[in-house]
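Below is one structure; the comments refer to it alone.
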Amino acid sequence: MSLDFAALSDTGGNGYIAKPEETILVTGANGFIGSRVVRTLLLYGFKQVRCLVRRTNNSISLETMINDFNGKSVEMVKGNLLSRDACKIAVEGVSVIYHLAAGVEKTFPGCFLNSVVATRNLLDASINEQTLKRFVNISSLAVYSNEKIRRGGLMDETCEVDTKLVERFDPYAYGKSKQDELVLEYARTKGLPYVLVRPGVTFGPGKARIPGRVGIDTFGVFLHLGLNNKIPLTYVDNCAEAIVLAGLRRSIEGEVINIVDDDLPKSREFLRLYKKQVHRFISIPIPYPAFYLFSYLWEKYSKWSEGQLPPAFNRRTCATYFKGNTYSNKKAKELLGWHPRIRMREGLESLFVYAREVKGEK
Amino acid sequence: MIKVGIIGCGKMADQHAVQIQRITGAEIIAVCDSEPLMARQMSERFNIRRCFTNAQEMLDAVQPDVVHITTPPQSHFQLGKMCLAAGCNIYVEKPFTLNTCEAEDLIRLANRNRLKVTAGHNAQFTYAMVRMRALVKNGYLGGKPVHMESHYCYEFGDASYAKALLGDSNHWVRKLPGSLVQNIISHGISKIAEYLSGVSPMVIAHGFTSPFLKKIGENDIVDEVRVIIRDEDSTTAYFTFSSQIRPVPHQFRLYGPKNSLIVDDDHQILFKVENKEYKSYLRYFVPPLEHSIQYAGNFSRNLKKFMKKDFHLPNDAALKTLIECFYKSIAGDAPLPLSYREILLTSKIMDDIFVQLQDQGSLERMKYNAGTV
């Protein structure tokens with residue numbers, strides 16, 4: 001799937017806050033979204049894109065992609081955000097920082113360390129960089145609470161952030177929400193120019209698994225929990241472009257922007273297409289009240305048994321992911337001038353092609 | 001009430017805190033981490049009143065009865081000495097120290113100050129290992145073990161720890177004298193050390209880098225180790241560490257002069273191998289039936305414990321048992337859960353292994369540089 005170069009150029013007249021020759025830093029550049037952010041920046045004509053990547057072989061796909069652009073515009077910096085020295089090297093002379101690196105581990109301290117401590121190091125290094133114009137912090141839609149939103153109600157940027165993420169037993173969202181708090185603190189106390197971006201569920205080639213908001217296969221059979229819920233999907237290339245624009249558009253400092261695509265499919269539709277186009281399997285539909293009751297009982301048992309079964313299923317998680325809300329990309333469109341270039345149908349098609357290939361390899 | 005402090009607020013500290021909060025009569029009163037954000041997040045999540053970034057300040061301010069040291073191993077010795085000097089008993093995560101000299105110094109200091117020390121060899125206290133120990137104590141083997149086999153393996157797979165290690169050239173594990181091996185094998189070695197006599201067993205070790213790691217350019221990490229051990233009474237042992245065997249085994253086999261025992265820690269199975277003779281073809285029919293009955297017994301025992309909410313994940317349960325036994329010993333109600341002899345012997349065997357691995361590594365590099373490999 002290719003993007004139209006000409007269409008990407010800034011023809012709006014207002015210009016971006018950074019010129020093509022200025023240095024842009026992307027952390028987590030070899031990740032699923034990060035590599036697409038780098039690609040989009042190159043397509044936008046940026047000539048000094050610095051990629052901070054960990055020392056792993058996973059950067060092969062990023063390097064291959066960079067080679068497609070002759071590699072002239074990209075500087076690879078291998079390092080770890082837990083090293084203050086690496087952060088100093090990475091931020092030297094940068095205009096915009098896209099901070100995509102995050103802790104995606106299963107433990108709270110692991111996620112906290114790689115999301116919050118890493119971000120603190122990056123912020124400390126960058127706050128005194130005279131050249132810094134914007135810090136784009138990539139958060140997640142998962143940090144919101146839908147406790148006060150009825151089923152089917154709108155979840156947008158005005159919703160409250162969940163403050164009970166430990167009870168939700170969600171280390172990733174916990175790390176992300178604490179990372180957001182840190183960015184806000186630096187903005188308040190040190191004048192950090194920032195934008196918070198909260199993508200929904202990113203999908204596309206490179207990630208073959210069925211999104212968790214559709215259902216789970218923990219018990220050996222696929223439980224379809226999403227049913228008629230809209231899944232807040234965003235195709236990875238669309239998401240990457242929104243992120244890039246969040247770092248470039250003028251006059252959006254301090255904004256929080258959620259990213260989801262248009263024409264969000266219902267969970268039922270997604271699963272039907274997946275089964276038709278990738279492979280068939282048995283799924284059991286579970287109504288929300290039934291799963292909520294199950295989560296309640298599991299939660300109670302976990303507490304009673306002092307964690308013999310961890311509280312992986314609990315009411316808060318159940319509500320967050322399966323209560324069923326609607327989502328909006330109105331703010332993203334208005335502030336960023338963004339629209340999802342890849343339509344949902346096309347995006348799903350490329351996901352399914354990729355998933356078929358992965359399935360075939362297995 | 002036992003007042004507990006924790007130094008180091010990473011992943012291991014979380015596991016400790018969860019288990020300590022399950023122990024009646026113990027309370028975590030303070031945590032400490034040189035990284036203030038890590039100290040604060042732990043104190044918030046576990047509702048612990050005090051958090052510090054300086055260990056000495058914590059010891060002075062709250063004077064804990066026992067301190068759990070869950071920092072990277074390079075700091076165990078200094079922090080251990082600091083805690084013992086402050087009058088605190090210490091639980092030191094594995095690997096206990098960087099080498100035997102440090103281990104001896106810590107234990108000597110503890111004895112001098114009339115304090116107690118234990119090491120994080122919690123794999124010794126899984127349900128199956130505890131049952132095995134009771135059988136051995138009751139003479140099931142028929143004497144001192146003739147031979148032991150300990151398989152303690154590891155999977156790089158999706159473990160976040162491995163990802164962190166492989167993705168970071170400065171990871172603290174790489175800086176240990178025995179690198180990755182040192183951070184993991186103490187669990188498997190301590191099982192052997194428990195049943196060895198003497199203080200200086202013969203150790204022959206061979207280690208190498210697996211083709212998997214070589215393929216991704218990690219030529220400096222040894223992840224395949226085979227060891228032969230023999231003590232002064234000619235009890236022998238094989239130890240296997242591998243990152244490539246599937247499924248990843250954590251097993252211990254004790255061969256006695258009369259009977260033998262097999263512990264499968266992955267499934268919490270204790271299997272008794274009895275020395276029974278059957279006539280003719282019966283040997284092909286009766287033992288399989290007896291074996292199936294034993295497996296059914298293990299199933300039933302595990303299920304009953306689960307139903308009584310007494311079957312937490314083996315490592316967590318083992319951690320709780322070890323901590324609880326240690327606290328009882330501090331209170332003067334019980335002996336130490338791990339003898340100092342076992343801790344020191346484990347350390348000594350590990351030192352011997354690392355010296356040999358380093359020699360082999362140097363030789364490999366020399367051959368490589370000379371172009372003969």
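To be explicit about the labels: the chains of the structure tokens are called A, B, and onward in the order shown, and within each one the residues are counted from 1, while ligands get numbers from 1 in the order they are shown.
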
With chain A as the partner and 8 Å as the cut-off, tabulate the residues of chain B that qualify, each row holding the nearest pair of atoms and their distance in Å to one decimal, using only C-alpha atoms, sorted by chain and rising number, as a Markdown table.
```
| residue | atom | partner | partner_atom | distance |
| --- | --- | --- | --- | --- |
| B:Cys9 | CA | A:Pro109 | CA | 7.5 |
| B:Gly10 | CA | A:Pro109 | CA | 5.5 |
| B:Lys11 | CA | A:Pro109 | CA | 5.6 |
| B:Asp14 | CA | A:Pro109 | CA | 7.5 |
| B:Arg22 | CA | A:Glu306 | CA | 7.2 |
| B:Leu37 | CA | A:Val117 | CA | 6.8 |
| B:Met38 | CA | A:Leu113 | CA | 7.1 |
| B:Met42 | CA | A:Pro109 | CA | 7.9 |
| B:Arg45 | CA | A:Val166 | CA | 7.1 |
| B:Ser160 | CA | A:Glu105 | CA | 5.9 |
| B:Leu166 | CA | A:Thr56 | CA | 6.6 |
| B:Gly167 | CA | A:Arg55 | CA | 4.7 |
| B:Asp168 | CA | A:Arg55 | CA | 5.9 |
| B:Ser169 | CA | A:Arg55 | CA | 7.0 |
| B:Ile216 | CA | A:Asn57 | CA | 6.7 |
| B:Phe306 | CA | A:Gln308 | CA | 8.0 |
| B:Lys309 | CA | A:Ser305 | CA | 5.2 |
| B:Asp310 | CA | A:Gln308 | CA | 7.5 |
| B:Phe311 | CA | A:Gln308 | CA | 6.5 |
| B:His312 | CA | A:Gln308 | CA | 4.5 |
| B:Leu313 | CA | A:Gln308 | CA | 7.0 |
```

Output N, CA and C atoms for every residue in that selection, as a compact mmCIF listing (two decimals), in the first residue's frame.
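The result, written out as again.txt:
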```
# COMPACT_ATOMS: atom_id res chain seq x y z
N CYS B 9 13.38 -1.53 44.04
CA CYS B 9 11.93 -1.59 43.77
C CYS B 9 11.61 -2.04 42.36
N GLY B 10 12.31 -3.06 41.88
CA GLY B 10 12.03 -3.59 40.54
C GLY B 10 11.06 -4.76 40.59
N LYS B 11 11.18 -5.62 39.58
CA LYS B 11 10.21 -6.73 39.44
C LYS B 11 10.28 -7.71 40.62
N ASP B 14 8.48 -6.51 43.71
CA ASP B 14 7.03 -6.68 43.63
C ASP B 14 6.63 -8.07 44.11
N ARG B 22 1.09 -11.27 52.49
CA ARG B 22 0.25 -12.43 52.81
C ARG B 22 0.65 -13.07 54.14
N LEU B 37 11.55 7.67 41.38
CA LEU B 37 10.26 7.31 40.76
C LEU B 37 9.90 5.86 41.05
N MET B 38 10.90 4.99 41.02
CA MET B 38 10.63 3.58 41.29
C MET B 38 10.22 3.37 42.75
N MET B 42 6.28 2.10 43.96
CA MET B 42 6.07 0.89 44.76
C MET B 42 5.34 1.22 46.06
N ARG B 45 1.63 1.79 45.18
CA ARG B 45 0.84 0.61 44.80
C ARG B 45 0.62 -0.35 45.97
N SER B 160 10.10 -10.84 29.23
CA SER B 160 10.50 -9.44 29.16
C SER B 160 11.93 -9.26 29.65
N LEU B 166 18.78 -8.77 26.06
CA LEU B 166 19.30 -8.81 24.70
C LEU B 166 19.27 -7.44 24.04
N GLY B 167 18.39 -6.57 24.52
CA GLY B 167 18.27 -5.25 23.90
C GLY B 167 19.18 -4.21 24.53
N ASP B 168 19.94 -4.59 25.53
CA ASP B 168 20.73 -3.59 26.25
C ASP B 168 22.16 -4.09 26.45
N SER B 169 23.08 -3.47 25.74
CA SER B 169 24.47 -3.93 25.85
C SER B 169 25.08 -3.60 27.20
N ILE B 216 21.91 -14.25 16.27
CA ILE B 216 21.52 -12.84 16.43
C ILE B 216 22.70 -11.98 16.93
N PHE B 306 -5.40 -26.70 45.63
CA PHE B 306 -5.99 -25.57 44.90
C PHE B 306 -7.36 -25.22 45.48
N LYS B 309 -7.40 -23.11 48.43
CA LYS B 309 -6.67 -21.87 48.13
C LYS B 309 -5.24 -21.89 48.67
N ASP B 310 -4.63 -23.08 48.53
CA ASP B 310 -3.27 -23.24 49.01
C ASP B 310 -2.36 -23.73 47.87
N PHE B 311 -2.64 -23.28 46.66
CA PHE B 311 -1.83 -23.72 45.53
C PHE B 311 -1.54 -22.53 44.62
N HIS B 312 -0.81 -21.58 45.16
CA HIS B 312 -0.40 -20.43 44.35
C HIS B 312 0.67 -20.89 43.37
N LEU B 313 0.95 -20.06 42.38
CA LEU B 313 1.96 -20.44 41.40
C LEU B 313 3.24 -20.83 42.13
```

Residue set, region 13-59 of chain B restricted to alpha helix (DSSP H), as a list of chain:residue names: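 Written out, the alpha helix (DSSP H) residues of region 13-59 of chain B are B:Ala13, B:Asp14, B:Gln15, B:His16, B:Ala17, B:Val18, B:Gln19, B:Ile20, B:Pro36, B:Leu37, B:Met38, B:Ala39, B:Arg40, B:Gln41, B:Met42, B:Ser43, B:Glu44, B:Arg45, B:Ala55, B:Gln56, B:Glu57, B:Met58, B:Leu59.
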
What would the file look like if the residues just selected were written as a compact mmCIF listing (two decimals), in the first residue's frame with C-alpha atoms?
```txt
# COMPACT_ATOMS: atom_id res chain seq x y z
CA ALA B 13 10.61 -6.48 44.84
CA ASP B 14 7.03 -6.68 43.63
CA GLN B 15 7.02 -10.44 44.02
CA HIS B 16 8.46 -10.13 47.52
CA ALA B 17 5.97 -7.46 48.56
CA VAL B 18 2.98 -9.51 47.38
CA GLN B 19 4.10 -12.52 49.43
CA ILE B 20 5.16 -10.52 52.50
CA PRO B 36 13.00 8.05 43.29
CA LEU B 37 10.26 7.31 40.76
CA MET B 38 10.63 3.58 41.29
CA ALA B 39 10.55 3.94 45.08
CA ARG B 40 7.45 6.11 44.90
CA GLN B 41 5.48 3.89 42.54
CA MET B 42 6.07 0.89 44.76
CA SER B 43 5.10 2.66 47.95
CA GLU B 44 1.92 3.93 46.25
CA ARG B 45 0.84 0.61 44.80
CA ALA B 55 19.46 2.88 51.99
CA GLN B 56 21.34 4.18 55.03
CA GLU B 57 18.68 6.83 55.60
CA MET B 58 15.99 4.18 55.48
CA LEU B 59 17.83 1.98 57.98
```

Write out as a PyMOL selection string all residues of region 12-89 of chain A that backbone DSSP assigns to strand (DSSP E or B). chain A and resi 23-27+48-53+74-78

How would the residues just picked look written out with C-alpha atoms as a short mmCIF file (atom, residue, chain, number, x, y, z; two decimals), in the first residue's frame?
```cif
data_model
loop_
_atom_site.label_atom_id
_atom_site.label_comp_id
_atom_site.auth_asym_id
_atom_site.auth_seq_id
_atom_site.Cartn_x
_atom_site.Cartn_y
_atom_site.Cartn_z
CA THR A 23 16.28 17.35 13.27
CA ILE A 24 13.39 15.16 14.36
CA LEU A 25 13.80 12.41 16.99
CA VAL A 26 11.68 9.28 17.03
CA THR A 27 12.03 6.99 20.07
CA GLN A 48 17.23 14.75 9.48
CA VAL A 49 15.25 11.98 11.13
CA ARG A 50 17.03 10.52 14.14
CA CYS A 51 15.87 7.09 15.23
CA LEU A 52 16.56 5.93 18.75
CA VAL A 53 16.40 2.16 18.82
CA VAL A 74 18.09 8.94 8.71
CA GLU A 75 20.47 8.73 11.60
CA MET A 76 20.28 5.56 13.68
CA VAL A 77 21.18 5.99 17.34
CA LYS A 78 21.40 2.74 19.28
#
```

Residue neighbourhood region 295-304 of chain B, 7 Å, only C-alpha atoms, exclusion window fewer than 4 positions, as a PyMOL selection string: chain B and resi 269+291+308

Go ahead and dump the residues you just picked, N, CA and C atoms, as a short mmCIF file (atom, residue, chain, number, x, y, z; two decimals), in the first residue's frame.
```cif
data_model
loop_
_atom_site.label_atom_id
_atom_site.label_comp_id
_atom_site.auth_asym_id
_atom_site.auth_seq_id
_atom_site.Cartn_x
_atom_site.Cartn_y
_atom_site.Cartn_z
N ILE B 269 5.08 -32.19 40.29
CA ILE B 269 4.90 -33.64 40.41
C ILE B 269 6.10 -34.21 41.16
N HIS B 291 2.70 -46.44 38.20
CA HIS B 291 3.10 -45.07 37.81
C HIS B 291 1.87 -44.20 37.57
N LYS B 308 -8.36 -25.65 48.36
CA LYS B 308 -8.22 -25.03 49.69
C LYS B 308 -7.48 -23.70 49.61
#
```

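Here CA of Ala312 (chain A) and CA of Tyr327 (chain A) stand 25.3 Å from one another.
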
Interatomic distance, CA of Thr234 (chain A) to CA of Glu185 (chain A) (Å, one decimal):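 A separation of 28.6 Å between them.
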
CA of Ala355 (chain A) to CA of Lys276 (chain A), straight-line distance in Å: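 Going from CA of Lys276 (chain A) over to CA of Ala355 (chain A), I get 12.0 Å.
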
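Of the listed residues (B:Asn89, B:Thr24, B:Asn183, B:Thr209), B:Asn89 comes nearest to Ala110 (chain B); the distances count only C-alpha atoms.
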
Excluding Ala193 (chain B) and any residue of its chain fewer than 6 positions from it, enumerate the residues within 7 Å of it, using only C-alpha atoms, and give them as number ranges by chain. B: 342, 345-346

Please list as an mmCIF file with C-alpha atoms, in the first residue's frame every residue within 6 Å of Val273 (chain B), counting only C-alpha atoms and excluding residues in the same chain fewer than 6 positions away.
```cif
data_model
loop_
_atom_site.group_PDB
_atom_site.id
_atom_site.type_symbol
_atom_site.label_atom_id
_atom_site.label_comp_id
_atom_site.auth_asym_id
_atom_site.auth_seq_id
_atom_site.Cartn_x
_atom_site.Cartn_y
_atom_site.Cartn_z
ATOM 1 C CA ASN B 259 15.011 -45.823 45.936
ATOM 2 C CA SER B 260 15.009 -42.723 43.801
ATOM 3 C CA LEU B 261 12.916 -39.555 43.495
#
```
